[in-house]
Structures are given as C-alpha cells and as structure tokens.
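For reference, query-v7.csv is printed below; it contains CSV, C-alpha atoms and all ligand atoms.
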```
chain,number,residue,atom,x,y,z
A,1,MET,CA,15.9,-14.8,51.9
A,2,ALA,CA,14.8,-16.2,48.6
A,3,PHE,CA,17.3,-18.2,46.6
A,4,ARG,CA,18.5,-16.4,43.5
A,5,ASP,CA,20.2,-17.9,40.5
A,6,PRO,CA,20.9,-14.8,38.2
A,7,PHE,CA,23.2,-16.7,35.9
A,8,GLY,CA,21.0,-19.8,35.5
A,9,LEU,CA,23.8,-22.1,36.5
A,10,MET,CA,21.8,-24.4,38.7
A,11,ASP,CA,19.5,-27.0,37.1
A,12,VAL,CA,17.7,-27.5,40.4
A,13,ARG,CA,16.2,-24.4,41.8
A,14,TYR,CA,14.3,-23.8,45.0
A,15,THR,CA,11.7,-21.0,45.5
A,16,ASN,CA,12.6,-20.8,49.2
A,17,GLU,CA,14.9,-22.0,51.9
A,18,GLU,CA,12.3,-24.3,53.4
A,19,SER,CA,12.0,-26.5,50.3
A,20,LYS,CA,15.8,-26.7,50.0
A,21,ASN,CA,16.1,-27.7,53.7
A,22,TYR,CA,13.7,-30.6,53.2
A,23,VAL,CA,15.7,-31.8,50.2
A,24,ASN,CA,19.0,-31.4,52.0
A,25,SER,CA,17.9,-33.4,55.1
A,26,LEU,CA,17.1,-36.4,52.8
A,27,ARG,CA,20.4,-35.9,51.0
A,28,GLU,CA,22.2,-36.2,54.4
A,29,ASN,CA,20.4,-39.4,55.2
A,30,SER,CA,20.4,-41.2,51.8
A,31,PRO,CA,23.6,-41.5,49.7
A,32,LYS,CA,21.6,-42.8,46.8
A,33,PHE,CA,19.3,-39.8,46.9
A,34,ASP,CA,22.3,-37.4,47.2
A,35,LYS,CA,23.9,-39.0,44.1
A,36,ALA,CA,20.6,-38.7,42.1
A,37,MET,CA,20.4,-35.0,43.2
A,38,LYS,CA,23.9,-34.4,41.9
A,39,GLY,CA,22.8,-35.9,38.6
A,40,LEU,CA,19.9,-33.5,38.4
A,41,GLU,CA,22.0,-30.5,39.3
A,42,ASP,CA,24.6,-31.4,36.6
A,43,ASP,CA,22.0,-32.1,33.8
A,44,LYS,CA,21.6,-29.0,31.7
A,45,SER,CA,18.8,-30.6,29.6
A,46,ILE,CA,16.2,-30.5,32.4
A,47,LEU,CA,15.2,-27.9,34.9
A,48,VAL,CA,13.8,-28.8,38.3
A,49,ILE,CA,12.0,-26.2,40.4
A,50,ILE,CA,11.0,-27.1,44.0
A,51,GLY,CA,8.9,-25.0,46.3
A,52,ILE,CA,6.5,-25.0,49.2
A,53,GLY,CA,2.8,-24.9,48.4
A,54,ASN,CA,2.5,-24.0,44.8
A,55,THR,CA,5.4,-21.5,44.6
A,56,ALA,CA,7.0,-23.6,41.9
A,57,GLU,CA,3.8,-23.1,39.8
A,58,THR,CA,3.0,-26.8,39.2
A,59,SER,CA,0.1,-27.8,37.1
A,60,CYS,CA,-1.1,-30.2,39.8
A,61,GLY,CA,-4.9,-30.0,40.2
A,62,ALA,CA,-5.2,-32.0,43.4
A,63,ILE,CA,-8.6,-33.2,44.6
A,64,ARG,CA,-7.4,-33.0,48.2
A,65,ARG,CA,-4.2,-31.5,49.6
A,66,THR,CA,-1.3,-33.8,49.6
A,67,GLY,CA,2.3,-33.7,50.9
A,68,GLY,CA,3.7,-33.3,47.5
A,69,CYS,CA,2.9,-33.1,43.8
A,70,THR,CA,5.1,-33.2,40.7
A,71,SER,CA,4.3,-31.9,37.2
A,72,LEU,CA,6.4,-32.9,34.3
A,73,MET,CA,6.3,-30.6,31.3
A,74,LEU,CA,7.8,-29.3,28.1
A,75,ASN,CA,7.8,-25.5,28.6
A,76,PRO,CA,6.6,-23.8,25.4
A,77,ARG,CA,7.8,-20.4,26.8
A,78,ALA,CA,11.4,-21.8,27.2
A,79,GLY,CA,12.0,-23.6,23.9
A,80,TYR,CA,10.2,-26.7,25.0
A,81,GLN,CA,12.8,-27.2,27.7
A,82,ARG,CA,11.9,-30.2,29.9
A,83,GLU,CA,10.9,-29.0,33.3
A,84,VAL,CA,9.9,-30.7,36.5
A,85,ARG,CA,7.9,-28.5,39.0
A,86,ILE,CA,7.5,-29.9,42.5
A,87,ALA,CA,5.2,-28.7,45.3
A,88,LEU,CA,6.1,-29.7,48.8
A,89,ASP,CA,3.3,-29.1,51.3
A,90,PRO,CA,3.8,-29.8,55.1
A,91,GLU,CA,0.0,-29.0,55.7
A,92,GLY,CA,-1.0,-31.5,53.0
A,93,LEU,CA,1.3,-34.0,54.6
A,94,ARG,CA,-1.0,-34.0,57.6
A,95,GLU,CA,-3.9,-34.9,55.3
A,96,ASP,CA,-1.8,-37.8,53.9
A,97,VAL,CA,-1.2,-39.1,57.4
A,98,ALA,CA,-4.9,-38.8,58.3
A,99,ALA,CA,-6.0,-40.6,55.1
A,100,SER,CA,-3.5,-43.5,55.5
A,101,PRO,CA,-2.6,-43.9,59.2
A,102,ASP,CA,-1.0,-47.3,58.4
A,103,ILE,CA,1.7,-45.7,56.3
A,104,TYR,CA,4.7,-43.8,57.7
A,105,PHE,CA,5.0,-40.4,56.0
A,106,ASP,CA,7.3,-37.4,56.7
A,107,MET,CA,8.7,-34.6,54.5
A,108,GLN,CA,11.7,-36.8,53.6
A,109,THR,CA,9.4,-39.6,52.2
A,110,VAL,CA,7.5,-36.9,50.3
A,111,VAL,CA,10.8,-35.7,48.8
A,112,ALA,CA,11.8,-39.3,48.0
A,113,HIS,CA,8.5,-39.8,46.2
A,114,GLU,CA,8.4,-36.6,44.2
A,115,VAL,CA,12.1,-36.2,43.3
A,116,TYR,CA,13.4,-39.8,43.1
A,117,GLY,CA,10.0,-41.4,42.2
A,118,HIS,CA,9.0,-38.9,39.5
A,119,ALA,CA,11.7,-36.4,38.6
A,120,VAL,CA,14.8,-38.7,38.3
A,121,PRO,CA,13.1,-41.1,35.8
A,122,TYR,CA,11.9,-38.1,33.7
A,123,ARG,CA,15.5,-36.9,33.5
A,124,LYS,CA,16.3,-40.2,31.7
A,125,GLY,CA,13.3,-39.9,29.4
A,126,GLY,CA,10.9,-42.1,31.3
A,127,ILE,CA,7.6,-41.6,33.0
A,128,CYS,CA,7.3,-43.2,36.4
A,129,ASP,CA,3.7,-42.8,37.4
A,130,ASP,CA,1.3,-43.5,40.4
A,131,ALA,CA,-0.8,-46.2,38.6
A,132,GLY,CA,-1.7,-49.4,40.5
A,133,VAL,CA,-1.4,-50.6,44.1
A,134,MET,CA,2.5,-50.7,44.0
A,135,PRO,CA,3.3,-48.2,41.3
A,136,CYS,CA,6.7,-47.3,39.8
A,137,SER,CA,6.9,-44.2,41.9
A,138,VAL,CA,6.3,-46.0,45.2
A,139,LYS,CA,8.9,-48.7,44.3
A,140,ARG,CA,11.4,-46.0,43.8
A,141,GLU,CA,10.3,-44.2,46.9
A,142,ASN,CA,10.9,-47.4,48.8
A,143,THR,CA,14.5,-47.6,47.5
A,144,ILE,CA,15.2,-44.3,49.2
A,145,ARG,CA,13.2,-45.1,52.3
A,146,GLU,CA,15.4,-48.2,52.7
A,147,ASP,CA,18.6,-46.2,52.1
A,148,ALA,CA,17.6,-43.6,54.6
A,149,GLY,CA,16.5,-46.2,57.3
A,150,LEU,CA,12.8,-45.2,57.0
A,151,PRO,CA,9.9,-47.7,57.1
A,152,ARG,CA,8.8,-49.2,53.8
A,153,ARG,CA,5.6,-47.9,52.1
A,154,PRO,CA,3.3,-50.9,51.5
A,155,ARG,CA,1.1,-49.3,48.8
A,156,TYR,CA,0.2,-46.1,47.0
B,1,ZN,ZN,3.3,-39.7,42.8
```

Written as structure tokens, that's how I'd like the structure from this file.
Ligand SMILES: [Zn+2]
Amino acid sequence: MAFRDPFGLMDVRYTNEESKNYVNSLRENSPKFDKAMKGLEDDKSILVIIGIGNTAETSCGAIRRTGGCTSLMLNPRAGYQREVRIALDPEGLREDVAASPDIYFDMQTVVAHEVYGHAVPYRKGGICDDAGVMPCSVKRENTIREDAGLPRRPRY
C-alpha cells in the first residue's frame, strides 16, 4: 500500500514501502544515519521525497542508470520550498556494480550517498557535490559506511 501523509506532518515522504524499507535498514545499522534522518524528519523547512525509479519525480537526467540520484530544488509551485527528491534504483545498482567492480555497493550504500551525502548538507544550506576523485558526497558516504560496518568507497 502506498504511504499517505494527508496532513503533511512528515518532512520525509516515501512514494512506496520499498524505498522506506531501504532507508530503514540503513537506519538500523548506522546510529549516525538514524540521527540524521530524525533531523530531516523534524525539519519543516525542507521536504524530502524518496522513491523507487523516478516515482519521486527527480530532475536527474542520467546518462546511464545508476543506483541512486538526488535532485535539490526550490519548488516554484510550493512557495519556493526547498525540496530534495531522491530516486533509488535496484536495477541501476547492478549497472554501478558492473561499471566499478572494485567498489562495494548495495542499496544501503546508495541510501548513504544520496541521503547523507547530498540531502543532509542541503538541509543545512550547503551543496555537497560529486566533483573530483574523492568528492564531498563520497567522504560523507564513507562516514556512514564506516558506522554501518560496510567497506570504504575508495573513489567516486
Ligand atoms: Zn552523488
């Protein structure tokens, strides 16, 4: 059943149970990530929408499929509210693994990258991007990988 939030009380929304389950499994394994999620849920100034495929209606125009993608926006249809729209894609994850067999990826590392790497800094007014060999987003992803006992990511 699709998650509904008729009163607009949650500042993190999921378009389906599957996306919520991926986030929750990382919350169970990483206290740091769980704390950051609580911060996003409590912050009324930013809306986070997470879905499988492009159900969260991101503006990501990927050249190839990837396990996840985040778009940061000011929504002109919602009073220029800050929004983070995140696509999680288990099929795209297979392409990431095929493209970089030396790097450990799973849906938890995808969630760590998109949510902790991109969404959490945006909440605090910053942009943490994918530029360079060891970008801001991957450094932050590694913080959560370490906390969850997952292998470190050596590069973007
Ligand atoms: Zn990224």

Tell me which of A:Glu146, A:Asp130, A:Glu141, A:Asp89 sits closest to ligand ZN 1 (chain B), counting all atoms listed in the file.
A:Asp130

Using all atoms listed in the file, pick whichever of A:Ile127, A:Ala119, A:Cys69, A:Val97 has the shortest atom-to-atom distance to Ile52 of chain A.
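For Ile52 of chain A, the nearest of the candidates is A:Cys69.
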
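Of the listed residues (A:Arg13, A:Asp34, A:Gly39, A:Gly68), A:Gly39 comes nearest to Lys124 of chain A; the distances count all atoms listed in the file.
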
Kindly provide, as a PyMOL selection string, all nucleotide and amino acid residues lying within 9 Å of ligand ZN 1 (chain B), counting only C-alpha atoms and all ligand atoms.
chain A and resi 68-70+113-114+117-118+128-131+135-138+156

Nearest residue to Pro154 of chain A from the set A:Val120, A:Ala98, A:Ile103, A:Leu72 (distances using all atoms listed in the file):
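Looking only at the distances to Pro154 of chain A, the closest residue turns out to be A:Ile103.
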
Skip Glu57 of chain A itself and residues of its chain fewer than 3 positions away, then list as a CSV table (one decimal) with C-alpha atoms, in the coordinates of the input all residues within 8 Å of it, counting only C-alpha atoms.
```
chain,number,residue,atom,x,y,z
A,54,ASN,CA,2.5,-24.0,44.8
A,85,ARG,CA,7.9,-28.5,39.0
A,87,ALA,CA,5.2,-28.7,45.3
```

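Using only C-alpha atoms for every distance, the candidate list A:Asp11, A:Glu18, A:Glu28, A:Asp96 yields A:Glu28 as the residue closest to Asp147 of chain A.
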
Would you list the contacts of segment 107-112 of chain A as a list in words, taking every protein, DNA or RNA residue within 8 Å and counting only C-alpha atoms, but skipping same-chain residues closer than 5 positions in sequence?
Tyr22, Val23, Ser25, Leu26, Phe33, Gly67, Gly68, Leu88, Pro90, Leu93, Gly117, Arg140, Glu141, Ile144 and Arg145 of chain A

Give me, please, the distance in Å between atom CA of Glu17 of chain A and atom CA of Ile86 of chain A, quoted to one decimal.
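Distance reported for this atom pair: 14.3 Å.
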
How many Å lie between atom CA of Asn142 of chain A and atom CA of Asn29 of chain A, rounded to one decimal?
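So the two atoms, atom CA of Asn142 of chain A and atom CA of Asn29 of chain A, lie 14.0 Å apart.
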
Give me, as an MDAnalysis selection string, all polymer residues having an atom no more than 9 Å from Gln81 of chain A, counting all atoms listed in the file and skipping those fewer than 4 positions away in the same chain.
chainID A and resid 45:47 73:77

Selection above as a file: C-alpha atoms, as an mmCIF file, in the frame of the given file:
```
data_model
loop_
_atom_site.group_PDB
_atom_site.id
_atom_site.type_symbol
_atom_site.label_atom_id
_atom_site.label_comp_id
_atom_site.auth_asym_id
_atom_site.auth_seq_id
_atom_site.Cartn_x
_atom_site.Cartn_y
_atom_site.Cartn_z
ATOM 1 C CA SER A 45 18.800 -30.600 29.600
ATOM 2 C CA ILE A 46 16.200 -30.500 32.400
ATOM 3 C CA LEU A 47 15.200 -27.900 34.900
ATOM 4 C CA MET A 73 6.300 -30.600 31.300
ATOM 5 C CA LEU A 74 7.800 -29.300 28.100
ATOM 6 C CA ASN A 75 7.800 -25.500 28.600
ATOM 7 C CA PRO A 76 6.600 -23.800 25.400
ATOM 8 C CA ARG A 77 7.800 -20.400 26.800
#
```

I need every residue sitting at most 9 Å from the point (10.3, -21.2, 39.8) (coordinates as in the file, only C-alpha atoms considered), written as a tab-separated table (two decimals) with C-alpha atoms, in the coordinates of the input.
```tsv
chain	number	residue	atom	x	y	z
A	13	ARG	CA	16.20	-24.40	41.80
A	14	TYR	CA	14.30	-23.80	45.00
A	15	THR	CA	11.70	-21.00	45.50
A	48	VAL	CA	13.80	-28.80	38.30
A	49	ILE	CA	12.00	-26.20	40.40
A	50	ILE	CA	11.00	-27.10	44.00
A	51	GLY	CA	8.90	-25.00	46.30
A	55	THR	CA	5.40	-21.50	44.60
A	56	ALA	CA	7.00	-23.60	41.90
A	57	GLU	CA	3.80	-23.10	39.80
A	85	ARG	CA	7.90	-28.50	39.00
```

Mind checking which residues fall within 9 Å of Glu95 of chain A, counting all atoms listed in the file, ignoring those fewer than 6 positions away in the same chain, and posting them as number ranges by chain?
A: 64-67

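Taking all atoms listed in the file into account, Glu91 of chain A lies nearest to A:Gly53 out of the set A:Gly126, A:Gly61, A:Pro121, A:Gly53.
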